[in-house]
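> One file: input-v6.cif (mmCIF, C-alpha atoms).
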data_input
#
loop_
_atom_site.label_atom_id
_atom_site.label_comp_id
_atom_site.auth_asym_id
_atom_site.auth_seq_id
_atom_site.Cartn_x
_atom_site.Cartn_y
_atom_site.Cartn_z
CA MET A 784 144.23 59.63 115.62
CA ARG A 785 141.46 61.95 116.77
CA LEU A 786 140.39 63.48 113.45
CA PRO A 787 137.91 61.42 111.40
CA PRO A 788 138.54 61.20 107.65
CA GLY A 789 137.95 64.39 105.65
CA GLN A 790 137.81 66.58 108.78
CA TYR A 791 140.04 69.51 109.74
CA LEU A 792 140.80 70.99 113.11
CA GLU A 793 138.83 74.13 114.01
CA ARG A 794 139.68 76.39 116.95
CA GLY A 795 136.61 78.63 116.72
CA PHE A 796 133.07 77.34 116.92
CA PRO A 797 131.25 77.67 113.59
CA VAL A 798 127.47 77.94 113.49
CA LEU A 799 125.34 75.89 111.13
CA SER A 800 121.61 76.61 111.11
CA ALA A 801 119.02 76.61 108.38
CA GLY A 802 117.31 79.81 109.47
CA PRO A 803 117.20 82.63 112.00
CA THR A 804 118.21 81.79 115.55
CA PRO A 805 115.11 81.29 117.71
CA ARG A 806 115.07 83.00 121.11
CA ILE A 807 113.81 80.56 123.72
CA SER A 808 113.23 81.63 127.30
CA THR A 809 113.92 79.14 130.08
CA ASP A 810 110.66 80.47 131.62
CA THR A 811 108.62 78.74 128.92
CA TRP A 812 111.00 75.96 127.81
CA GLN A 813 109.69 72.43 128.08
CA PHE A 814 111.07 69.04 127.11
CA THR A 815 108.62 66.26 126.26
CA ILE A 816 109.18 62.56 125.59
CA THR A 817 106.39 61.12 123.44
CA THR A 818 105.98 57.38 123.00
CA GLU A 819 105.49 55.53 119.72
CA THR A 820 101.75 55.44 120.49
CA GLY A 821 101.58 59.22 120.83
CA ASP A 822 101.32 59.32 124.60
CA THR A 823 103.29 61.77 126.67
CA ALA A 824 105.74 59.66 128.65
CA ALA A 825 107.44 62.49 130.54
CA ARG A 826 107.76 66.26 130.53
CA TRP A 827 110.10 68.67 132.30
CA ASN A 828 110.24 72.43 132.63
CA TRP A 829 113.56 74.19 133.24
CA GLN A 830 113.41 74.01 137.04
CA GLN A 831 112.52 70.33 136.94
CA LEU A 832 115.39 69.61 134.57
CA MET A 833 117.84 71.45 136.81
CA ALA A 834 116.70 69.30 139.74
CA LEU A 835 117.94 66.17 137.93
CA PRO A 836 121.53 64.92 138.27
CA GLN A 837 123.86 67.19 136.29
CA VAL A 838 126.96 65.87 134.56
CA ASP A 839 130.08 67.34 132.94
CA VAL A 840 131.09 66.00 129.54
CA ALA A 841 134.43 66.44 127.75
CA THR A 842 134.36 65.31 124.14
CA ASP A 843 135.43 65.89 120.55
CA ILE A 844 132.77 67.09 118.10
CA HIS A 845 132.62 66.65 114.33
CA CYS A 846 130.51 68.71 111.90
CA VAL A 847 129.55 67.32 108.50
CA THR A 848 130.81 70.58 106.95
CA LYS A 849 134.32 69.25 107.72
CA TRP A 850 135.38 70.94 110.95
CA SER A 851 136.14 69.10 114.17
CA LYS A 852 136.79 70.54 117.61
CA LEU A 853 138.74 68.56 120.16
CA ASN A 854 138.19 68.44 123.90
CA THR A 855 135.07 70.58 124.23
CA HIS A 856 133.38 70.86 127.64
CA TRP A 857 129.66 70.74 128.30
CA ARG A 858 127.31 70.46 131.24
CA GLY A 859 123.85 68.99 131.18
CA VAL A 860 121.68 65.98 131.87
CA SER A 861 122.22 62.49 130.50
CA LEU A 862 119.50 61.16 128.22
CA ASP A 863 119.73 57.98 130.30
CA THR A 864 118.28 60.04 133.14
CA LEU A 865 115.47 61.37 130.95
CA LEU A 866 114.67 57.98 129.40
CA ASP A 867 114.81 56.17 132.74
CA GLY A 868 111.46 54.45 133.32
CA VAL A 869 110.09 55.20 129.85
CA GLN A 870 108.44 52.02 128.55
CA THR A 871 108.90 51.56 124.82
CA ASN A 872 109.40 49.07 122.01
CA ALA A 873 110.86 51.76 119.77
CA GLY A 874 114.14 51.32 117.94
CA TYR A 875 114.42 54.92 116.79
CA VAL A 876 113.82 58.41 118.04
CA MET A 877 113.11 61.78 116.44
CA ALA A 878 114.53 64.81 118.22
CA HIS A 879 112.38 67.95 117.90
CA SER A 880 113.38 71.56 118.32
CA TYR A 881 111.86 74.99 118.71
CA GLY A 882 111.76 76.43 115.19
CA GLY A 883 110.71 73.09 113.68
CA TYR A 884 114.06 71.33 113.27
CA THR A 885 114.07 67.53 113.53
CA THR A 886 116.71 64.81 113.36
CA ASN A 887 116.41 61.03 113.59
CA LEU A 888 118.59 58.67 115.61
CA PRO A 889 118.57 55.00 116.61
CA LEU A 890 117.42 54.80 120.22
CA PRO A 891 120.49 52.78 121.34
CA ASP A 892 122.67 55.69 120.16
CA ILE A 893 121.28 58.02 122.78
CA ARG A 894 121.48 55.48 125.63
CA ASP A 895 124.27 54.12 127.82
CA GLY A 896 126.17 57.35 128.36
CA LYS A 897 126.34 58.41 124.72
CA ALA A 898 124.00 61.43 124.67
CA TRP A 899 122.95 64.40 126.76
CA VAL A 900 120.95 67.60 126.73
CA VAL A 901 123.43 70.37 127.51
CA TYR A 902 123.02 74.01 128.57
CA GLU A 903 126.63 75.03 129.31
CA TYR A 904 129.57 75.23 126.93
CA GLU A 905 133.06 75.87 128.33
CA GLY A 906 131.58 77.00 131.62
CA GLU A 907 129.21 79.58 130.11
CA PRO A 908 125.48 79.39 129.35
CA LEU A 909 125.04 77.98 125.85
CA ARG A 910 124.51 80.88 123.45
CA PRO A 911 121.38 80.95 121.27
CA GLU A 912 123.28 80.57 117.99
CA HIS A 913 124.83 77.38 119.33
CA GLY A 914 121.43 76.01 120.38
CA GLY A 915 120.87 77.71 123.72
CA PRO A 916 119.28 77.54 126.12
CA ILE A 917 119.72 73.81 125.60
CA ARG A 918 120.67 71.40 122.84
CA MET A 919 121.32 67.71 122.35
CA LEU A 920 124.88 66.43 122.49
CA VAL A 921 125.45 63.18 120.62
CA PRO A 922 129.16 63.53 119.93
CA HIS A 923 129.82 60.14 118.34
CA LEU A 924 127.69 61.22 115.35
CA TYR A 925 128.03 64.25 113.05
CA PHE A 926 126.94 67.33 114.90
CA TRP A 927 123.67 67.96 113.03
CA LYS A 928 122.37 65.01 115.07
CA SER A 929 122.94 67.14 118.20
CA ALA A 930 119.75 69.14 117.69
CA LYS A 931 119.86 72.79 118.80
CA TRP A 932 116.96 74.37 120.76
CA VAL A 933 115.75 70.87 121.54
CA ASN A 934 112.32 70.49 123.11
CA GLY A 935 111.50 66.82 122.86
CA LEU A 936 111.96 63.29 121.64
CA THR A 937 109.40 61.13 119.87
CA LEU A 938 110.01 57.40 120.06
CA MET A 939 109.45 55.56 116.77
CA LEU A 940 109.09 51.89 115.83
CA HIS A 941 110.46 52.65 112.34
CA ASP A 942 113.12 55.06 111.23
CA LYS A 943 111.98 58.29 109.57
CA HIS A 944 113.96 61.16 108.05
CA GLY A 945 114.48 64.36 110.00
CA PHE A 946 115.16 67.77 108.46
CA TRP A 947 118.63 67.32 106.95
CA GLU A 948 118.16 63.60 106.40
CA ASP A 949 115.19 64.42 104.15
CA LEU A 950 117.48 66.75 102.19
CA GLY A 951 120.03 64.07 101.39
CA TYR A 952 122.10 63.77 104.54
CA HIS A 953 122.87 60.37 106.02
CA ASP A 954 120.41 58.65 108.36
CA TYR A 955 123.11 57.59 110.82
CA GLY A 956 126.04 59.99 110.32
CA ASP A 957 129.11 58.21 111.72
CA PRO A 958 132.10 60.54 111.21
CA TRP A 959 134.57 57.65 111.37
CA ARG A 960 132.86 55.98 108.41
CA GLU A 961 132.37 59.39 106.73
CA GLN A 962 128.60 58.92 106.46
CA ARG A 963 127.88 62.46 105.31
CA TYR A 964 125.18 61.92 102.69
CA GLN A 965 122.57 59.30 101.85
CA GLY A 966 124.34 56.35 100.28
CA ASP A 967 127.73 57.01 101.92
CA MET B 584 111.13 48.29 104.24
CA ALA B 585 114.41 48.81 102.44
CA ARG B 586 114.61 51.90 100.32
CA ALA B 587 114.40 50.73 96.72
CA ALA B 588 116.91 53.19 95.38
CA VAL B 589 119.11 55.53 97.28
CA PRO B 590 118.25 58.86 95.70
CA GLY B 591 121.12 60.91 94.42
CA ARG B 592 124.01 58.98 95.88
CA LEU B 593 126.90 61.40 95.75
CA ILE B 594 129.87 59.93 93.96
CA TRP B 595 133.25 61.63 93.56
CA ARG B 596 133.72 62.99 90.06
CA VAL B 597 136.80 64.30 88.33
CA ALA B 598 136.48 67.97 87.34
CA THR B 599 138.79 69.64 84.84
CA VAL B 600 139.62 73.32 85.09
CA ASP B 601 138.49 74.97 81.88
CA ALA B 602 139.29 78.54 82.88
CA THR B 603 139.94 80.74 85.89
CA LYS B 604 138.68 84.29 86.48
CA ASP B 605 139.93 86.64 89.15
CA GLU B 606 136.93 88.24 90.88
CA SER B 607 138.98 90.33 93.34
CA ALA B 608 142.53 90.37 94.68
CA THR B 609 141.69 87.37 96.87
CA ALA B 610 138.84 85.56 95.12
CA ARG B 611 138.95 83.48 91.97
CA THR B 612 136.29 81.68 89.99
CA LEU B 613 137.09 78.20 88.72
CA VAL B 614 135.20 77.27 85.60
CA LEU B 615 135.01 73.48 85.67
CA ASP B 616 133.90 70.79 83.30
CA VAL B 617 132.41 67.90 85.26
CA PRO B 618 131.43 64.95 83.04
CA GLY B 619 128.32 63.28 84.42
CA TRP B 620 127.34 66.28 86.54
CA PRO B 621 123.68 65.61 87.48
CA GLY B 622 122.71 69.28 87.59
CA HIS B 623 122.06 71.50 90.59
CA LEU B 624 119.76 74.08 92.07
CA ALA B 625 120.79 77.68 92.68
CA GLY B 626 122.20 77.91 96.20
CA GLN B 627 123.75 74.44 96.46
CA HIS B 628 127.40 73.63 97.11
CA VAL B 629 129.96 70.94 96.39
CA ASP B 630 132.61 69.13 98.38
CA VAL B 631 136.07 69.41 96.84
CA LYS B 632 138.78 66.85 97.63
CA LEU B 633 142.48 67.33 97.03
CA THR B 634 144.83 64.39 97.44
CA ALA B 635 148.61 64.71 97.74
CA GLU B 636 151.02 62.20 96.24
CA ASP B 637 151.53 60.58 99.62
CA GLY B 638 147.77 59.94 99.87
CA TYR B 639 147.02 62.73 102.34
CA SER B 640 143.72 64.29 101.35
CA VAL B 641 141.68 67.29 102.43
CA GLU B 642 138.07 68.20 101.75
CA ARG B 643 136.29 71.54 101.78
CA SER B 644 132.86 72.80 100.75
CA TYR B 645 132.42 75.56 98.16
CA SER B 646 129.31 77.26 96.89
CA ILE B 647 128.32 76.97 93.26
CA ALA B 648 128.25 80.39 91.58
CA SER B 649 126.75 79.39 88.25
CA ALA B 650 123.21 78.67 87.19
CA PRO B 651 122.59 75.09 86.02
CA ASP B 652 124.37 74.66 82.67
CA GLY B 653 125.03 71.07 81.62
CA THR B 654 128.40 69.77 82.75
CA ARG B 655 129.79 73.27 83.34
CA LEU B 656 130.17 74.42 86.91
CA GLU B 657 131.62 77.59 88.39
CA LEU B 658 132.93 77.81 91.93
CA THR B 659 134.15 81.09 93.38
CA VAL B 660 136.75 80.55 96.07
CA GLN B 661 137.74 83.21 98.58
CA ARG B 662 141.35 82.82 99.66
CA ILE B 663 141.85 82.32 103.40
CA GLY B 664 145.34 83.49 104.33
CA ASP B 665 146.40 80.47 106.37
CA GLY B 666 144.06 78.08 104.61
CA GLU B 667 145.16 74.61 103.59
CA VAL B 668 143.08 74.44 100.42
CA SER B 669 141.96 77.88 99.22
CA PRO B 670 145.48 79.22 98.44
CA TYR B 671 146.02 76.28 96.10
CA LEU B 672 142.64 76.71 94.43
CA THR B 673 143.04 80.46 93.97
CA GLU B 674 146.73 80.66 93.07
CA ASP B 675 148.05 77.39 91.69
CA LEU B 676 145.27 75.73 89.72
CA ARG B 677 145.67 76.11 85.97
CA HIS B 678 143.69 75.33 82.85
CA GLY B 679 143.60 71.57 82.42
CA ASP B 680 144.29 70.75 86.07
CA GLN B 681 141.95 68.28 87.70
CA LEU B 682 140.35 67.94 91.10
CA GLU B 683 137.76 65.68 92.69
CA LEU B 684 134.36 66.94 93.70
CA ARG B 685 130.94 65.62 94.60
CA GLY B 686 127.55 67.17 94.81
CA PRO B 687 125.27 68.96 94.55
CA ILE B 688 124.85 69.23 98.31
CA GLY B 689 122.22 71.05 100.31
CA GLY B 690 118.53 71.02 99.50
CA TRP B 691 117.36 73.77 101.86
CA PHE B 692 119.27 76.91 100.90
CA VAL B 693 117.98 76.72 97.33
CA TRP B 694 115.80 78.93 95.21
CA ASP B 695 113.23 77.64 92.74
CA PRO B 696 113.19 80.10 89.81
CA SER B 697 109.65 79.05 88.90
CA SER B 698 108.35 80.45 92.20
CA PRO B 699 106.78 83.86 91.57
CA ALA B 700 107.43 85.33 95.04
CA PRO B 701 109.85 88.26 95.03
CA VAL B 702 113.32 87.48 96.32
CA LEU B 703 115.46 89.24 98.88
CA LEU B 704 119.13 88.28 98.91
CA VAL B 705 121.34 89.50 101.74
CA ALA B 706 125.05 88.87 101.27
CA GLY B 707 127.98 89.38 103.58
CA GLY B 708 131.36 89.25 101.79
CA SER B 709 131.89 86.05 99.82
CA GLY B 710 128.42 84.94 100.99
CA VAL B 711 127.33 86.51 97.72
CA VAL B 712 128.50 83.41 95.79
CA PRO B 713 125.45 81.14 96.15
CA LEU B 714 123.20 84.21 95.84
CA MET B 715 124.88 84.97 92.51
CA ALA B 716 123.80 81.52 91.33
CA MET B 717 120.21 82.54 92.15
CA ILE B 718 120.54 85.84 90.27
CA ARG B 719 122.00 84.00 87.29
CA ALA B 720 119.19 81.42 87.42
CA ASP B 721 116.47 84.10 87.27
CA LYS B 722 115.46 83.51 83.65
CA ASP B 723 111.81 84.45 84.23
CA LYS B 724 112.77 87.84 85.64
CA VAL B 725 111.32 87.43 89.10
CA PRO B 726 112.07 90.69 90.95
CA VAL B 727 115.19 90.29 93.06
CA ARG B 728 116.68 92.72 95.57
CA LEU B 729 120.28 92.18 96.61
CA ILE B 730 121.72 93.84 99.69
CA TYR B 731 125.45 93.23 99.58
CA SER B 732 127.64 94.08 102.56
CA VAL B 733 131.32 94.16 101.68
CA ARG B 734 134.51 95.58 103.16
CA SER B 735 135.41 97.96 100.34
CA PRO B 736 134.66 98.50 96.65
CA ALA B 737 137.73 96.41 95.78
CA ASP B 738 136.22 93.41 97.56
CA VAL B 739 133.02 93.38 95.50
CA LEU B 740 132.63 90.14 93.55
CA TYR B 741 130.84 90.11 90.17
CA GLY B 742 130.52 93.94 90.20
CA PRO B 743 130.29 94.57 86.43
CA GLU B 744 127.97 91.61 85.86
CA LEU B 745 125.67 92.70 88.69
CA SER B 746 125.48 96.22 87.25
CA GLU B 747 124.65 94.87 83.80
CA ARG B 748 122.00 92.50 85.18
CA ALA B 749 120.48 95.36 87.19
CA ARG B 750 120.22 97.34 83.95
CA VAL B 751 118.40 94.66 81.98
CA SER B 752 116.38 92.75 84.58
CA PRO B 753 114.28 93.52 87.68
CA LEU B 754 117.33 93.32 89.97
CA THR B 755 118.08 96.11 92.42
CA LEU B 756 121.48 96.41 94.07
CA THR B 757 122.29 97.99 97.40
CA TYR B 758 125.90 97.97 98.52
CA LEU B 759 126.94 98.45 102.13
CA TYR B 760 130.61 99.17 102.76
CA THR B 761 131.89 98.19 106.18
CA ARG B 762 135.49 99.51 106.04
CA ALA B 763 135.99 101.83 103.08
CA ALA B 764 133.31 103.36 100.87
CA PRO B 765 133.45 105.21 97.57
CA ALA B 766 133.39 109.01 97.82
CA GLY B 767 130.06 110.30 99.04
CA MET B 768 128.88 106.98 100.49
CA PRO B 769 128.78 106.12 104.17
CA VAL B 770 130.67 103.32 105.88
CA GLY B 771 128.33 101.20 107.96
CA ARG B 772 126.80 97.87 108.79
CA ILE B 773 123.48 96.27 108.04
CA ASN B 774 120.61 97.72 110.07
CA ALA B 775 116.83 97.81 110.20
CA ASP B 776 116.54 101.01 108.15
CA ILE B 777 118.57 99.61 105.28
CA LEU B 778 116.61 96.36 105.26
CA ALA B 779 113.33 98.31 105.25
CA ALA B 780 114.46 100.65 102.47
CA ALA B 781 116.25 98.18 100.21
CA GLY B 782 114.42 94.92 100.95
CA TRP B 783 110.81 93.83 100.56
CA PRO B 784 108.09 94.47 103.14
CA PRO B 785 107.01 91.26 104.93
CA ASP B 786 103.55 91.68 103.36
CA ASN B 787 105.07 90.91 99.94
CA LYS B 788 105.98 87.47 101.32
CA PRO B 789 109.41 87.39 99.75
CA ALA B 790 111.69 84.38 99.68
CA VAL B 791 114.67 85.51 101.75
CA PHE B 792 118.21 84.13 101.56
CA VAL B 793 120.98 85.35 103.86
CA CYS B 794 124.56 84.15 103.43
CA GLY B 795 127.80 85.32 104.97
CA PRO B 796 129.98 85.12 108.05
CA THR B 797 128.19 83.95 111.18
CA GLY B 798 128.01 87.34 112.89
CA PHE B 799 126.63 89.01 109.78
CA VAL B 800 123.99 86.33 109.22
CA GLU B 801 122.93 86.38 112.87
CA ALA B 802 122.51 90.17 112.74
CA ALA B 803 120.66 90.24 109.41
CA ALA B 804 118.35 87.31 110.22
CA ASN B 805 117.48 88.74 113.63
CA LEU B 806 116.66 92.12 112.04
CA LEU B 807 114.47 90.45 109.40
CA VAL B 808 112.51 88.51 112.03
CA ALA B 809 112.15 91.65 114.16
CA ALA B 810 110.82 93.47 111.08
CA GLY B 811 108.05 90.90 110.76
CA HIS B 812 109.41 88.41 108.24
CA ASN B 813 108.28 84.83 108.79
CA PRO B 814 111.30 82.98 110.29
CA ALA B 815 110.42 79.94 108.19
CA ALA B 816 110.80 82.02 105.00
CA VAL B 817 114.28 83.26 105.96
CA LYS B 818 116.86 80.72 104.82
CA THR B 819 120.40 81.13 106.04
CA GLU B 820 123.86 79.85 105.33
CA ARG B 821 126.62 80.77 107.78
CA PHE B 822 130.33 80.27 107.44
CA GLY B 823 133.39 80.84 109.53
CA PRO B 824 134.04 80.43 113.23
CA THR B 825 132.63 82.28 116.20
CA SER B 826 134.05 82.24 119.68
#
Go ahead and express the file in the form of structure tokens.

Amino acid sequence: MRLPPGQYLERGFPVLSAGPTPRISTDTWQFTITTETGDTAARWNWQQLMALPQVDVATDIHCVTKWSKLNTHWRGVSLDTLLDGVQTNAGYVMAHSYGGYTTNLPLPDIRDGKAWVVYEYEGEPLRPEHGGPIRMLVPHLYFWKSAKWVNGLTLMLHDKHGFWEDLGYHDYGDPWREQRYQGD
Amino acid sequence: MARAAVPGRLIWRVATVDATKDESATARTLVLDVPGWPGHLAGQHVDVKLTAEDGYSVERSYSIASAPDGTRLELTVQRIGDGEVSPYLTEDLRHGDQLELRGPIGGWFVWDPSSPAPVLLVAGGSGVVPLMAMIRADKDKVPVRLIYSVRSPADVLYGPELSERARVSPLTLTYLYTRAAPAGMPVGRINADILAAAGWPPDNKPAVFVCGPTGFVEAAANLLVAAGHNPAAVKTERFGPTS
């Protein structure tokens, strides 16, 4: 049983974004981890990110708008690699994106091999409308948690709503428990 | 701190079909009565759930076409040839039939009719549906410009109503035909010249809503940003797959 409740199988790759697609050059892209005290814990530019261990990920993905795609292939860097050595007491994290998008996640949900930043989809550079040059991949949660155009994480002691969460979408977003909207 | 009340928890409600209206050969409006409907904003959508006798159920999202009006709700559904849900909704549902829905959903792609800024609506195909809810909600006669890209005249949804509203309110209509146009009109796709001529200049600070298939929305939103519109003021809703 690979389809969570209320989902249907999609063979294309739909795009869900709240606004125009930002165009981000890898020449200027940066990724910053900010601690709960506001300090910069780590920062990478594109070349520095590419120098880190790269991994291939095969996974199913589930969008809150009801489509699921099975066995998608991605390449990127594990968030375990990026969070390695970061000292924190935080239980939550806010992902930030170029264009202003945010989404909140519990910190344990992006650790231990559960989350990545990815820049290749099916062997090709990730296209801008799908979040290129690089996006989060947190496939065990609904796909809005996999922030497109990602440029950083802010560690938080207390959970806070991101963009869609503030508009009524669920704080956690487990597709298997059909946590689409606040209160589900 | 626990949240005292979960705002707007979305429960499944039973909707009864009050009437159906064919909008084109492949699109039908369902006029629903939804007891307990909490109201909605123009631009929002609902989740519809159909359950078979053996318990198998499917869910889909559909845009609301009507302005807020008590417990009455209109959804316009475009039939997808090999769809699992839309053929049933557009061909089989009859007056008195019931279905489950919950909503309203989506708090971003919404228009506040009390905002005085002029409005630019850019529709691709059935992407006109949530934009129609905005046009219908424009009680204060805020100036609205609709640019509506559609395959052929026969595919236009709400044509007579749009013409009538354009006659009596500050609504301007610009149709773009991508496959077949009426005599004397070109066939073509959205481009910078059309947006400049039929839209609002960025200096007017319009509220901009773009809805349609992914490729159409990508093209239109990119053109709007290139023309100088503030990306944060361009709200988009995309549907359908891309490669």
> Residue by residue, what does the PyMOL selection byres ((chain A) within 8 of (chain B)) grab here? Present the result as a list in words.
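Applied to this file, the PyMOL selection byres ((chain A) within 8 of (chain B)) returns Gly789, Gln790, Tyr791, Glu793, Arg794, Gly795, Phe796, Pro797, Val798, Leu799, Ser800, Ala801, Gly802, Pro803, Thr804, Thr848, Lys849, Gly882, Glu912, Leu950, Gly951, Tyr964, Gln965, Gly966 and Asp967 of chain A.
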> Store the residues picked out above in a file with C-alpha atoms, as an mmCIF file, keeping the file's coordinate frame.

data_model
loop_
_atom_site.group_PDB
_atom_site.id
_atom_site.type_symbol
_atom_site.label_atom_id
_atom_site.label_comp_id
_atom_site.auth_asym_id
_atom_site.auth_seq_id
_atom_site.Cartn_x
_atom_site.Cartn_y
_atom_site.Cartn_z
ATOM 1 C CA GLY A 789 137.950 64.390 105.650
ATOM 2 C CA GLN A 790 137.810 66.580 108.780
ATOM 3 C CA TYR A 791 140.040 69.510 109.740
ATOM 4 C CA GLU A 793 138.830 74.130 114.010
ATOM 5 C CA ARG A 794 139.680 76.390 116.950
ATOM 6 C CA GLY A 795 136.610 78.630 116.720
ATOM 7 C CA PHE A 796 133.070 77.340 116.920
ATOM 8 C CA PRO A 797 131.250 77.670 113.590
ATOM 9 C CA VAL A 798 127.470 77.940 113.490
ATOM 10 C CA LEU A 799 125.340 75.890 111.130
ATOM 11 C CA SER A 800 121.610 76.610 111.110
ATOM 12 C CA ALA A 801 119.020 76.610 108.380
ATOM 13 C CA GLY A 802 117.310 79.810 109.470
ATOM 14 C CA PRO A 803 117.200 82.630 112.000
ATOM 15 C CA THR A 804 118.210 81.790 115.550
ATOM 16 C CA THR A 848 130.810 70.580 106.950
ATOM 17 C CA LYS A 849 134.320 69.250 107.720
ATOM 18 C CA GLY A 882 111.760 76.430 115.190
ATOM 19 C CA GLU A 912 123.280 80.570 117.990
ATOM 20 C CA LEU A 950 117.480 66.750 102.190
ATOM 21 C CA GLY A 951 120.030 64.070 101.390
ATOM 22 C CA TYR A 964 125.180 61.920 102.690
ATOM 23 C CA GLN A 965 122.570 59.300 101.850
ATOM 24 C CA GLY A 966 124.340 56.350 100.280
ATOM 25 C CA ASP A 967 127.730 57.010 101.920
#
> Here is a test: counting all atoms listed in the file, which residue of A:Gly935, A:Gly874, A:Gly915, A:Gly859 is nearest to Val900 in chain A?
A:Gly859
> Set the distance at 6 Å and use all atoms listed in the file: which residues neighbour Trp899 in chain A once local chain neighbours fewer than 6 positions away are removed? I'd like the list as a PyMOL selection string.
chain A and resi 860-862+919-920
> What is the CA of Gly956 in chain A to CA of His913 in chain A distance in Å?
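Computed distance, CA of Gly956 in chain A to CA of His913 in chain A, equals 19.6 Å.
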> Please list, as a compact mmCIF listing (two decimals) with C-alpha atoms, keeping the file's coordinate frame, the residues that have an atom at most 10 Å away from (116.5, 62.3, 128.2) in the coordinates of this file, counting all atoms listed in the file.

# COMPACT_ATOMS: atom_id res chain seq x y z
CA PHE A 814 111.07 69.04 127.11
CA THR A 815 108.62 66.26 126.26
CA ILE A 816 109.18 62.56 125.59
CA ALA A 825 107.44 62.49 130.54
CA ARG A 826 107.76 66.26 130.53
CA TRP A 827 110.10 68.67 132.30
CA LEU A 832 115.39 69.61 134.57
CA VAL A 860 121.68 65.98 131.87
CA SER A 861 122.22 62.49 130.50
CA LEU A 862 119.50 61.16 128.22
CA ASP A 863 119.73 57.98 130.30
CA THR A 864 118.28 60.04 133.14
CA LEU A 865 115.47 61.37 130.95
CA LEU A 866 114.67 57.98 129.40
CA ASP A 867 114.81 56.17 132.74
CA VAL A 869 110.09 55.20 129.85
CA ILE A 893 121.28 58.02 122.78
CA ARG A 894 121.48 55.48 125.63
CA ALA A 898 124.00 61.43 124.67
CA TRP A 899 122.95 64.40 126.76
CA VAL A 900 120.95 67.60 126.73
CA MET A 919 121.32 67.71 122.35
CA GLY A 935 111.50 66.82 122.86
CA LEU A 936 111.96 63.29 121.64
> Of the residues B:Trp620, B:Ala706, B:Leu682, B:Ala648, which is the one nearest to Thr634 in chain B, using only C-alpha atoms?
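Of the candidates, the smallest distance to Thr634 in chain B is held by B:Leu682.
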> How far is it from CA of Arg762 in chain B to CA of Arg734 in chain B, in Å with one decimal?
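Value for the CA of Arg762 in chain B-CA of Arg734 in chain B distance: 5.0 Å.
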> What does the PyMOL selection byres ((chain B and resi 716-722) around 6) select in this file, as a list in words?
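Evaluating the PyMOL selection byres ((chain B and resi 716-722) around 6) on these coordinates yields Ala625, Ala648, Ser649, Ala650, Pro696, Pro713, Leu714, Met715, Asp723 and Lys724 of chain B.
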> What does the structure give for the distance between CA of Thr755 in chain B and CA of Val614 in chain B, in Å to one decimal?
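Between CA of Thr755 in chain B and CA of Val614 in chain B the gap is 26.4 Å.
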> Show which residues sit within 8 Å of range 737-749 of chain B, as a list of chain:residue names. Count only C-alpha atoms, and ignore same-chain residues fewer than 2 positions away.
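Skipping anything fewer than 2 positions along the chain leaves B:Glu606, B:Ser607, B:Ala608, B:Ala610, B:Gly708, B:Ser709, B:Val711, B:Val733, B:Arg734, B:Ser735, B:Val751, B:Ser752, B:Pro753, B:Leu754, B:Thr755, B:Leu756.
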> Which protein, DNA or RNA residues are at most 6 Å from (134.6, 69.6, 95.1) in the file's coordinates when you count all atoms listed in the file, listed as a PyMOL selection string?
chain B and resi 629-632+683-685
> Measuring between only C-alpha atoms, which one of A:Gln813, A:Pro787, A:Leu938, A:Arg806 shows the shortest distance to Arg960 in chain A?
A:Pro787
> I'd like the contact shell of Ile807 in chain A - 8 Å cut-off, only C-alpha atoms, skipping same-chain residues fewer than 3 positions apart - returned as a PyMOL selection string.
chain A and resi 811-812+881+911+915-916+932
> Can you pull out every residue within 8 Å of range 939-946 of chain A, counting all atoms listed in the file, but drop anything in the same chain fewer than 4 positions away, and send it as a JSON list (two decimals) with C-alpha atoms, in the coordinates of the input?

[["chain", "number", "residue", "atom", "x", "y", "z"],
["A", 818, "THR", "CA", 105.98, 57.38, 123.00],
["A", 819, "GLU", "CA", 105.49, 55.53, 119.72],
["A", 872, "ASN", "CA", 109.40, 49.07, 122.01],
["A", 873, "ALA", "CA", 110.86, 51.76, 119.77],
["A", 874, "GLY", "CA", 114.14, 51.32, 117.94],
["A", 875, "TYR", "CA", 114.42, 54.92, 116.79],
["A", 876, "VAL", "CA", 113.82, 58.41, 118.04],
["A", 877, "MET", "CA", 113.11, 61.78, 116.44],
["A", 884, "TYR", "CA", 114.06, 71.33, 113.27],
["A", 885, "THR", "CA", 114.07, 67.53, 113.53],
["A", 886, "THR", "CA", 116.71, 64.81, 113.36],
["A", 887, "ASN", "CA", 116.41, 61.03, 113.59],
["A", 888, "LEU", "CA", 118.59, 58.67, 115.61],
["A", 889, "PRO", "CA", 118.57, 55.00, 116.61],
["A", 950, "LEU", "CA", 117.48, 66.75, 102.19],
["A", 954, "ASP", "CA", 120.41, 58.65, 108.36]]
> Using all atoms listed in the file, determine which residues lie at most 8 Å from Val693 in chain B, disregarding the query and same-chain residues fewer than 6 positions distant; provide the list as a list in words.
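Once the nearby chain positions are removed, what remains is Leu624, Ala625, Gly626 and Gln627 of chain B.
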